[in-house]
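Source file: work_36.pdb (PDB, C-alpha atoms)
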ATOM      1  CA  MET A 662       6.923   6.456 -13.565
ATOM      2  CA  TRP A 663       3.872   8.433 -14.519
ATOM      3  CA  MET A 664       2.815  10.636 -17.419
ATOM      4  CA  TYR A 665      -0.104  13.037 -17.165
ATOM      5  CA  ASP A 666      -2.911  12.754 -19.716
ATOM      6  CA  LYS A 667      -4.523  16.153 -20.162
ATOM      7  CA  LYS A 668      -8.147  14.991 -19.997
ATOM      8  CA  LEU A 669     -10.558  13.531 -17.436
ATOM      9  CA  GLU A 670     -11.402   9.815 -17.397
ATOM     10  CA  PHE A 671     -15.091  10.818 -17.506
ATOM     11  CA  PRO A 672     -16.230  14.409 -18.174
ATOM     12  CA  VAL A 673     -17.396  16.708 -15.363
ATOM     13  CA  LYS A 674     -19.508  19.680 -16.462
ATOM     14  CA  ILE A 675     -21.648  21.100 -13.641
ATOM     15  CA  LYS A 676     -23.700  24.225 -14.371
ATOM     16  CA  LYS A 677     -25.331  24.892 -10.974
ATOM     17  CA  PRO A 678     -23.267  25.775  -7.852
ATOM     18  CA  ASP A 679     -24.087  23.703  -4.771
ATOM     19  CA  PRO A 680     -21.631  24.235  -1.884
ATOM     20  CA  ARG A 681     -23.459  21.738   0.317
ATOM     21  CA  MET A 682     -23.010  18.956  -2.246
ATOM     22  CA  ALA A 683     -19.377  20.015  -2.808
ATOM     23  CA  ASN A 684     -18.673  19.604   0.891
ATOM     24  CA  LEU A 685     -20.228  16.134   0.922
ATOM     25  CA  ILE A 686     -18.387  14.983  -2.216
ATOM     26  CA  LEU A 687     -15.131  16.228  -0.656
ATOM     27  CA  THR A 688     -15.135  13.038   1.411
ATOM     28  CA  GLN A 689     -14.144  11.119  -1.724
ATOM     29  CA  TYR A 690     -11.189  13.481  -2.135
ATOM     30  CA  GLY A 691      -9.566  13.323   1.301
ATOM     31  CA  GLY A 692     -11.911  11.232   3.437
ATOM     32  CA  PRO A 693     -11.322   7.787   5.004
ATOM     33  CA  ASP A 694     -12.796   5.881   2.020
ATOM     34  CA  GLY A 695     -11.749   8.404  -0.614
ATOM     35  CA  GLU A 696      -9.769   8.180  -3.827
ATOM     36  CA  LEU A 697      -6.518   9.556  -2.378
ATOM     37  CA  GLY A 698      -6.474   6.906   0.336
ATOM     38  CA  ALA A 699      -7.299   4.218  -2.225
ATOM     39  CA  SER A 700      -4.472   5.261  -4.516
ATOM     40  CA  VAL A 701      -1.879   5.504  -1.730
ATOM     41  CA  ARG A 702      -3.038   2.154  -0.330
ATOM     42  CA  TYR A 703      -2.673   0.237  -3.620
ATOM     43  CA  LEU A 704       0.473   1.954  -4.831
ATOM     44  CA  SER A 705       2.142   1.279  -1.460
ATOM     45  CA  GLN A 706       1.005  -2.332  -1.221
ATOM     46  CA  ARG A 707       2.254  -3.225  -4.710
ATOM     47  CA  PHE A 708       5.901  -3.151  -3.601
ATOM     48  CA  SER A 709       5.432  -6.298  -1.523
ATOM     49  CA  MET A 710       2.720  -7.955  -3.636
ATOM     50  CA  ILE A 711       3.306 -11.387  -5.219
ATOM     51  CA  THR A 712       2.192 -12.876  -8.584
ATOM     52  CA  PRO A 713       2.327 -10.852 -11.815
ATOM     53  CA  GLU A 714      -1.462 -10.583 -11.968
ATOM     54  CA  ALA A 715      -1.870  -9.048  -8.495
ATOM     55  CA  LYS A 716       1.097  -6.694  -8.927
ATOM     56  CA  ALA A 717      -0.357  -5.374 -12.190
ATOM     57  CA  THR A 718      -3.806  -4.994 -10.603
ATOM     58  CA  LEU A 719      -2.508  -2.909  -7.672
ATOM     59  CA  ASN A 720      -0.325  -0.811  -9.948
ATOM     60  CA  ASP A 721      -3.061  -0.064 -12.446
ATOM     61  CA  ILE A 722      -5.992   0.427 -10.065
ATOM     62  CA  GLY A 723      -3.756   2.645  -7.895
ATOM     63  CA  THR A 724      -3.132   4.684 -11.021
ATOM     64  CA  GLU A 725      -6.796   4.854 -12.044
ATOM     65  CA  GLU A 726      -7.679   6.113  -8.541
ATOM     66  CA  LEU A 727      -5.565   9.208  -9.233
ATOM     67  CA  ALA A 728      -7.740   9.884 -12.273
ATOM     68  CA  HIS A 729     -10.776   9.553  -9.973
ATOM     69  CA  LEU A 730      -9.196  11.928  -7.461
ATOM     70  CA  GLU A 731      -8.927  14.426 -10.293
ATOM     71  CA  MET A 732     -12.606  13.970 -11.215
ATOM     72  CA  ILE A 733     -13.680  14.479  -7.591
ATOM     73  CA  GLY A 734     -11.524  17.611  -7.238
ATOM     74  CA  THR A 735     -13.070  18.919 -10.456
ATOM     75  CA  MET A 736     -16.580  18.299  -9.117
ATOM     76  CA  VAL A 737     -15.829  20.045  -5.813
ATOM     77  CA  ARG A 738     -14.362  23.038  -7.624
ATOM     78  CA  GLN A 739     -17.189  23.386 -10.157
ATOM     79  CA  LEU A 740     -19.802  23.102  -7.399
ATOM     80  CA  THR A 741     -18.282  25.999  -5.411
ATOM     81  CA  GLN A 742     -16.591  28.232  -7.981
ATOM     82  CA  ASN A 743     -19.577  30.466  -8.741
ATOM     83  CA  ALA A 744     -21.304  30.254  -5.360
ATOM     84  CA  SER A 745     -21.889  33.539  -3.544
ATOM     85  CA  ILE A 746     -20.768  34.165   0.046
ATOM     86  CA  LYS A 747     -24.437  34.098   1.002
ATOM     87  CA  GLU A 748     -24.941  30.690  -0.645
ATOM     88  CA  ILE A 749     -21.864  29.355   1.132
ATOM     89  CA  GLU A 750     -23.096  30.629   4.480
ATOM     90  CA  ASP A 751     -26.619  29.291   3.925
ATOM     91  CA  SER A 752     -25.220  25.870   2.973
ATOM     92  CA  GLY A 753     -23.500  25.559   6.342
ATOM     93  CA  VAL A 754     -19.998  25.256   4.877
ATOM     94  CA  ALA A 755     -18.620  28.590   6.144
ATOM     95  CA  ALA A 756     -16.075  26.762   8.351
ATOM     96  CA  TYR A 757     -14.483  25.224   5.248
ATOM     97  CA  TYR A 758     -14.608  28.602   3.464
ATOM     98  CA  VAL A 759     -12.685  30.477   6.172
ATOM     99  CA  GLU A 760      -9.927  27.862   6.108
ATOM    100  CA  HIS A 761      -9.685  27.159   2.365
ATOM    101  CA  ASP A 762     -11.753  29.738   0.461
ATOM    102  CA  LYS A 763     -13.033  27.789  -2.591
ATOM    103  CA  ALA A 764      -9.865  25.725  -2.902
ATOM    104  CA  VAL A 765      -9.847  21.930  -2.900
ATOM    105  CA  TYR A 766      -8.267  20.559   0.275
ATOM    106  CA  PRO A 767      -7.859  16.831   1.080
ATOM    107  CA  ALA A 768     -10.256  16.401   3.981
ATOM    108  CA  GLY A 769     -13.383  14.387   4.687
ATOM    109  CA  ALA A 770     -16.945  15.746   4.653
ATOM    110  CA  SER A 771     -16.732  16.387   8.402
ATOM    111  CA  GLY A 772     -13.535  18.431   7.979
ATOM    112  CA  VAL A 773     -10.998  15.880   9.242
ATOM    113  CA  PRO A 774      -7.812  16.264   7.140
ATOM    114  CA  PHE A 775      -6.600  13.319   5.060
ATOM    115  CA  SER A 776      -4.905  10.615   7.121
ATOM    116  CA  ALA A 777      -3.087   7.422   6.243
ATOM    117  CA  ALA A 778      -4.525   6.006   9.480
ATOM    118  CA  ALA A 779      -7.485   4.766   7.415
ATOM    119  CA  LEU A 780      -5.323   2.460   5.286
ATOM    120  CA  GLN A 781      -2.833  -0.369   5.692
ATOM    121  CA  SER A 782       0.123  -1.860   3.887
ATOM    122  CA  LYS A 783       0.622  -5.092   5.758
ATOM    123  CA  GLY A 784       3.055  -7.155   3.684
ATOM    124  CA  ASP A 785       0.838 -10.240   3.737
ATOM    125  CA  PRO A 786      -0.660 -10.425   0.215
ATOM    126  CA  ILE A 787      -3.886 -12.104   1.407
ATOM    127  CA  THR A 788      -4.347  -9.468   4.112
ATOM    128  CA  ASP A 789      -3.692  -6.591   1.711
ATOM    129  CA  LEU A 790      -5.961  -7.841  -1.086
ATOM    130  CA  THR A 791      -8.747  -8.552   1.394
ATOM    131  CA  GLU A 792      -8.444  -4.984   2.703
ATOM    132  CA  ASP A 793      -8.552  -3.735  -0.882
ATOM    133  CA  MET A 794     -11.795  -5.565  -1.568
ATOM    134  CA  ALA A 795     -13.281  -4.020   1.592
ATOM    135  CA  ALA A 796     -11.982  -0.603   0.531
ATOM    136  CA  GLU A 797     -13.773  -0.859  -2.813
ATOM    137  CA  GLN A 798     -17.010  -1.765  -1.044
ATOM    138  CA  LYS A 799     -16.645   1.148   1.406
ATOM    139  CA  ALA A 800     -16.143   3.512  -1.515
ATOM    140  CA  ARG A 801     -19.143   2.028  -3.342
ATOM    141  CA  SER A 802     -21.315   2.581  -0.241
ATOM    142  CA  THR A 803     -20.069   6.163   0.019
ATOM    143  CA  TYR A 804     -20.976   6.831  -3.629
ATOM    144  CA  GLU A 805     -24.441   5.414  -2.996
ATOM    145  CA  TYR A 806     -24.938   7.703   0.028
ATOM    146  CA  LEU A 807     -23.711  10.644  -2.051
ATOM    147  CA  LEU A 808     -26.145   9.703  -4.835
ATOM    148  CA  ASN A 809     -28.938   9.728  -2.219
ATOM    149  CA  MET A 810     -27.955  13.347  -1.448
ATOM    150  CA  ALA A 811     -27.766  14.478  -5.091
ATOM    151  CA  ASP A 812     -30.498  15.730  -7.436
ATOM    152  CA  ASP A 813     -28.508  17.410 -10.236
ATOM    153  CA  PRO A 814     -28.005  15.127 -13.294
ATOM    154  CA  ASP A 815     -24.633  16.849 -13.894
ATOM    155  CA  VAL A 816     -23.530  15.565 -10.474
ATOM    156  CA  ILE A 817     -25.265  12.192 -10.653
ATOM    157  CA  GLY A 818     -23.568  11.178 -13.950
ATOM    158  CA  PRO A 819     -19.940  11.224 -12.742
ATOM    159  CA  LEU A 820     -20.932   9.808  -9.335
ATOM    160  CA  LYS A 821     -22.599   6.829 -11.020
ATOM    161  CA  PHE A 822     -19.559   6.265 -13.198
ATOM    162  CA  LEU A 823     -17.290   6.292 -10.143
ATOM    163  CA  ARG A 824     -19.619   3.940  -8.269
ATOM    164  CA  GLU A 825     -19.458   1.462 -11.146
ATOM    165  CA  ARG A 826     -15.661   1.576 -11.181
ATOM    166  CA  GLU A 827     -15.643   0.521  -7.502
ATOM    167  CA  ILE A 828     -17.586  -2.590  -8.488
ATOM    168  CA  VAL A 829     -15.195  -3.436 -11.329
ATOM    169  CA  HIS A 830     -12.187  -2.905  -9.047
ATOM    170  CA  PHE A 831     -13.720  -5.148  -6.387
ATOM    171  CA  GLN A 832     -14.112  -7.858  -9.006
ATOM    172  CA  ARG A 833     -10.491  -7.544 -10.187
ATOM    173  CA  PHE A 834      -9.145  -7.617  -6.638
ATOM    174  CA  GLY A 835     -11.173 -10.758  -6.001
ATOM    175  CA  GLU A 836      -9.627 -12.399  -9.065
ATOM    176  CA  SER A 837      -6.153 -11.269  -7.962
ATOM    177  CA  LEU A 838      -6.741 -12.773  -4.518
ATOM    178  CA  ARG A 839      -7.582 -16.064  -6.214
ATOM    179  CA  TYR A 840      -4.289 -15.977  -8.159
ATOM    180  CA  VAL A 841      -2.361 -15.350  -4.936
ATOM    181  CA  GLN A 842      -4.200 -18.115  -3.080
ATOM    182  CA  ASP A 843      -3.552 -20.618  -5.895
ATOM    183  CA  TYR A 844       0.101 -19.637  -6.008
ATOM    184  CA  LEU A 845       0.568 -20.066  -2.261
ATOM    185  CA  GLU A 846      -1.383 -23.331  -2.293
ATOM    186  CA  ASN A 847       0.806 -24.788  -5.050
ATOM    187  CA  ARG A 848       3.971 -23.691  -3.318
ATOM    188  CA  LYS A 849       2.855 -25.495  -0.173
ATOM    189  CA  ARG A 850       2.164 -28.666  -2.137
ATOM    190  CA  PHE A 851       5.376 -28.825  -4.158
ATOM    191  CA  SER A 852       7.944 -27.413  -1.766
ATOM    192  CA  THR A 853       9.337 -28.542   1.548
ATOM    193  CA  ALA A 854      10.673 -25.062   2.222
ATOM    194  CA  ASN A 855       9.125 -22.872   4.863
ATOM    195  CA  ILE A 856       6.181 -20.826   3.631
ATOM    196  CA  LYS A 857       6.492 -17.083   3.761
TER     197      LYS A 857
ATOM    198  CA  MET B  70      21.448  -2.859 -28.410
ATOM    199  CA  SER B  71      20.842  -4.910 -25.248
ATOM    200  CA  ARG B  72      17.695  -4.435 -23.189
ATOM    201  CA  ASP B  73      19.567  -2.539 -20.462
ATOM    202  CA  GLU B  74      21.338  -0.336 -22.951
ATOM    203  CA  MET B  75      18.086   0.455 -24.713
ATOM    204  CA  LEU B  76      16.267   1.188 -21.457
ATOM    205  CA  ARG B  77      19.106   3.427 -20.289
ATOM    206  CA  LYS B  78      18.971   5.406 -23.512
ATOM    207  CA  LEU B  79      15.178   5.692 -23.431
ATOM    208  CA  SER B  80      15.259   6.796 -19.765
ATOM    209  CA  ALA B  81      17.773   9.490 -20.667
ATOM    210  CA  LEU B  82      15.624  10.727 -23.587
ATOM    211  CA  ASP B  83      12.456  10.665 -21.478
ATOM    212  CA  PHE B  84      14.164  12.644 -18.748
ATOM    213  CA  TYR B  85      15.375  15.128 -21.355
ATOM    214  CA  ILE B  86      11.734  15.584 -22.393
ATOM    215  CA  ILE B  87      10.524  16.060 -18.799
ATOM    216  CA  ASP B  88      13.168  18.686 -18.135
ATOM    217  CA  LEU B  89      12.549  20.578 -21.383
ATOM    218  CA  HIS B  90       8.807  20.392 -20.729
ATOM    219  CA  LEU B  91       9.212  22.143 -17.361
ATOM    220  CA  TYR B  92      11.514  24.720 -18.897
ATOM    221  CA  LEU B  93       9.015  25.424 -21.694
ATOM    222  CA  ASN B  94       6.164  25.958 -19.220
ATOM    223  CA  THR B  95       7.907  29.141 -18.136
ATOM    224  CA  HIS B  96       9.607  29.905 -21.482
ATOM    225  CA  PRO B  97       6.857  29.137 -24.035
ATOM    226  CA  ASP B  98       8.390  31.403 -26.710
ATOM    227  CA  ASP B  99      11.844  29.824 -26.812
ATOM    228  CA  LYS B 100      12.029  28.584 -30.408
ATOM    229  CA  GLU B 101      15.348  26.839 -30.019
ATOM    230  CA  ALA B 102      14.101  24.868 -27.005
ATOM    231  CA  ILE B 103      10.929  23.894 -28.881
ATOM    232  CA  MET B 104      12.961  22.568 -31.811
ATOM    233  CA  LYS B 105      15.132  20.571 -29.445
ATOM    234  CA  TYR B 106      12.034  19.326 -27.613
ATOM    235  CA  ASN B 107      10.328  18.144 -30.824
ATOM    236  CA  ALA B 108      13.479  16.391 -31.999
ATOM    237  CA  VAL B 109      13.954  14.548 -28.702
ATOM    238  CA  VAL B 110      10.267  13.557 -28.625
ATOM    239  CA  LYS B 111      10.596  11.973 -32.067
ATOM    240  CA  GLU B 112      13.779  10.161 -31.127
ATOM    241  CA  ALA B 113      12.162   8.831 -27.942
ATOM    242  CA  GLN B 114       9.051   7.693 -29.819
ATOM    243  CA  THR B 115      11.132   5.635 -32.234
ATOM    244  CA  LEU B 116      13.245   4.078 -29.502
ATOM    245  CA  ARG B 117      10.191   3.352 -27.329
ATOM    246  CA  GLN B 118       8.520   1.550 -30.207
ATOM    247  CA  GLU B 119      11.673  -0.484 -30.858
ATOM    248  CA  PHE B 120      11.985  -1.385 -27.179
ATOM    249  CA  GLN B 121       8.366  -2.444 -26.919
ATOM    250  CA  GLU B 122       8.576  -4.634 -30.014
ATOM    251  CA  GLN B 123      11.524  -6.502 -28.512
ATOM    252  CA  TYR B 124      10.861  -6.509 -24.782
ATOM    253  CA  GLY B 125       7.151  -5.935 -24.293
ATOM    254  CA  MET B 126       4.933  -3.123 -23.048
ATOM    255  CA  LEU B 127       6.325  -0.089 -21.280
ATOM    256  CA  THR B 128       3.283   2.143 -21.474
ATOM    257  CA  ALA B 129      -0.362   1.339 -20.841
ATOM    258  CA  GLY B 130      -2.312   1.737 -24.059
ATOM    259  CA  SER B 131       0.346   0.302 -26.372
ATOM    260  CA  VAL B 132      -0.033  -2.817 -28.523
ATOM    261  CA  THR B 133       0.816  -6.241 -27.087
ATOM    262  CA  LYS B 134       1.752  -9.680 -28.343
ATOM    263  CA  TYR B 135      -0.144 -12.753 -27.116
ATOM    264  CA  PRO B 136      -0.354 -13.413 -24.204
ATOM    265  CA  TRP B 137      -0.952 -10.028 -22.524
ATOM    266  CA  GLN B 138       2.558  -8.664 -21.926
ATOM    267  CA  TRP B 139       1.740  -5.986 -19.348
ATOM    268  CA  ILE B 140       1.864  -8.272 -16.319
ATOM    269  CA  GLU B 141       5.314  -9.724 -17.109
ATOM    270  CA  ASN B 142       7.910  -9.636 -14.346
ATOM    271  CA  PRO B 143      10.066  -7.832 -13.391
ATOM    272  CA  TRP B 144       8.279  -4.618 -12.336
ATOM    273  CA  PRO B 145      10.158  -1.305 -12.072
ATOM    274  CA  TRP B 146      10.467  -1.578  -8.273
ATOM    275  CA  GLN B 147      12.283  -4.909  -8.578
ATOM    276  CA  TYR B 148      16.075  -5.071  -8.657
ATOM    277  CA  GLN B 149      16.237  -7.073 -11.901
ATOM    278  CA  PHE B 150      14.222  -4.481 -13.823
ATOM    279  CA  ASN B 151      16.768  -1.703 -13.559
ATOM    280  CA  PHE B 152      19.919  -1.098 -15.513
ATOM    281  CA  ASP B 153      23.256  -0.509 -13.837
ATOM    282  CA  LEU B 154      24.816   2.950 -13.932
ATOM    283  CA  ALA B 155      28.172   1.597 -12.724
ATOM    284  CA  GLY B 156      31.014   2.481 -15.063
ATOM    285  CA  GLU B 157      29.211   5.566 -16.330
ATOM    286  CA  ASP B 158      31.027   8.841 -16.253
ATOM    287  CA  ARG B 159      28.859  10.617 -13.692
TER     288      ARG B 159
END

In structure tokens, write the structure found in this file.
Amino acid sequence: MWMYDKKLEFPVKIKKPDPRMANLILTQYGGPDGELGASVRYLSQRFSMITPEAKATLNDIGTEELAHLEMIGTMVRQLTQNASIKEIEDSGVAAYYVEHDKAVYPAGASGVPFSAAALQSKGDPITDLTEDMAAEQKARSTYEYLLNMADDPDVIGPLKFLREREIVHFQRFGESLRYVQDYLENRKRFSTANIK
Amino acid sequence: MSRDEMLRKLSALDFYIIDLHLYLNTHPDDKEAIMKYNAVVKEAQTLRQEFQEQYGMLTAGSVTKYPWQWIENPWPWQYQFNFDLAGEDR
């Protein structure tokens, strides 16, 4: 089960409203390569994962992604909270405003609501871990594109932190995949039983 | 106390805390509930520490023996992890 820790993994303190940037960053909240999808993907896949190392990795990265989801939601909120109606209209995000005011809603930057269609839980540990490595790379790319769109150091700091975490997670998933491959390889060598 | 017995007791205490916590969110001035809450928290802390010393890590961020105990099977979603409620007066 989970316990909530009443702090952020990395602080978010944004002084200047920027509804345009908020709407772009929203993609990491509810978009196809976002933190919610990542968390649901890993926490779902762990039930059928094999080897202690890979199970722990899915469990713990799936948990850390929820802390990232919280950071992203915080960024979106701080970037819109003190924006005027005029600023919102001029930023081209009025469509989001009429549906959600300044609330944080799990959707992508183009307004498509969150969907589990962008993730898999396949049951084959090699398939799942390979998808997870790709997912971390897709999220890293997204953070890089977001960084290209950002000029406020208050926004750049947390985005860089989150980008770095994607790289660490990719590394850990790669190591987990190696554990699973070694395990399956050994089982093939020492057992006459059917592999599955 | 056996592992299952200890885990059952800790689960009960932890659930007690969760339930009191929710109650206190909407009744922050209830002194009696706060006293109960603090007492249960202390009891759970002691039992959690005892459990972890004997059977390994339950919570991320706690101390571990060598080798790293966190990854040990079984995990909570596995049958073997869970204690049996059969025979309990429910």

Using all atoms listed in the file, pick whichever of B:Leu127, B:Leu93, B:Ile140, B:Ala102 has the shortest atom-to-atom distance to chain A.
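For chain A, the nearest of the candidates is B:Ile140.
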
Selection result of the PyMOL selection byres ((chain A and resi 705-709) around 6) on this file, as a PDB file with C-alpha atoms, in the frame of the given file:
ATOM      1  CA  VAL A 701      -1.879   5.504  -1.730  1.00  0.00           C
ATOM      2  CA  ARG A 702      -3.038   2.154  -0.330  1.00  0.00           C
ATOM      3  CA  TYR A 703      -2.673   0.237  -3.620  1.00  0.00           C
ATOM      4  CA  LEU A 704       0.473   1.954  -4.831  1.00  0.00           C
ATOM      5  CA  MET A 710       2.720  -7.955  -3.636  1.00  0.00           C
ATOM      6  CA  LYS A 716       1.097  -6.694  -8.927  1.00  0.00           C
ATOM      7  CA  LEU A 719      -2.508  -2.909  -7.672  1.00  0.00           C
ATOM      8  CA  SER A 782       0.123  -1.860   3.887  1.00  0.00           C
ATOM      9  CA  GLY A 784       3.055  -7.155   3.684  1.00  0.00           C
TER      10      GLY A 784
END

What are the residues of chain B lining chain A at 8 Å or less? Count all atoms listed in the file, and put the answer as a PyMOL selection string.
chain B and resi 139-142+146

Residue members of the PyMOL selection byres ((chain A and resi 768-772) around 8) in the file shown, as a list of chain:residue names:
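The output of the PyMOL selection byres ((chain A and resi 768-772) around 8) on this file is A:Asn684, A:Leu685, A:Ile686, A:Leu687, A:Thr688, A:Gln689, A:Tyr690, A:Gly691, A:Gly692, A:Pro693, A:Tyr757, A:Tyr766, A:Pro767, A:Val773, A:Pro774, A:Phe775.
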
Could you state which residues are captured by the PyMOL selection byres ((chain B and resi 73) around 9) in this file, as a list in words?
Met70, Ser71, Arg72, Glu74, Met75, Leu76, Arg77, Lys78, Phe150, Asn151, Phe152 and Asp153 of chain B

Protein and nucleic acid residues near (10.3, 17.8, -23.8) (cut-off 6 Å, all atoms listed in the file) as a VMD selection string
chain B and resid 86 to 87 89 to 90 106

What are the centre and the three edge lengths of an axis-aligned box that wraps all atoms of stretch 827-842 of chain A in the file, given that 4 Å is added to every side, written as JSON and rounded to one decimal in Å?
{"center_x": -10.0, "center_y": -8.8, "center_z": -7.2, "size_x": 23.2, "size_y": 26.6, "size_z": 16.2}

For the atom pair atom CA of A:Leu740 and atom CA of A:Pro680, what is the interatomic distance in Å to one decimal place?
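Separating atom CA of A:Leu740 from atom CA of A:Pro680 is a distance of 5.9 Å.
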
Stretch 833-850 of chain A surroundings by only C-alpha atoms, 7 Å radius, close-in-sequence under 2 positions cut, as a count of residues only:
13

Interatomic distance, atom CA of A:Gly698 to atom CA of A:Leu807 (Å, one decimal)
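Atom CA of A:Leu807 lies 17.8 Å from atom CA of A:Gly698.
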
Quick one: pull the distance between atom CA of A:Ser776 and atom CA of A:Glu750, Å, one decimal.
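Atom CA of A:Ser776 sits 27.2 Å away from atom CA of A:Glu750.
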
Give me the residues within 12 Å of B:Glu112 as number ranges by chain, counting only C-alpha atoms and dropping any in the same chain fewer than 3 places off.
B: 78-83, 85-86, 105-109, 115-119

Hey, which of A:Ala699, A:Leu823, A:Val673, A:Met682 ends up closest to A:Thr724? Count only C-alpha atoms.
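The closest residue to A:Thr724 is A:Ala699.
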
Using only C-alpha atoms, list the residues that have an atom at most 12 Å from (-4.8, 13.8, -18.7), coordinates as in the file, as a list of chain:residue names.
A:Trp663, A:Met664, A:Tyr665, A:Asp666, A:Lys667, A:Lys668, A:Leu669, A:Glu670, A:Phe671, A:Pro672, A:Glu725, A:Leu727, A:Ala728, A:His729, A:Glu731, A:Met732

Which of B:Gln138, B:Ile103, B:Gln149, B:Asn94 sits closest to B:Gln123 [using all atoms listed in the file]
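For B:Gln123, the nearest of the given residues is B:Gln138.
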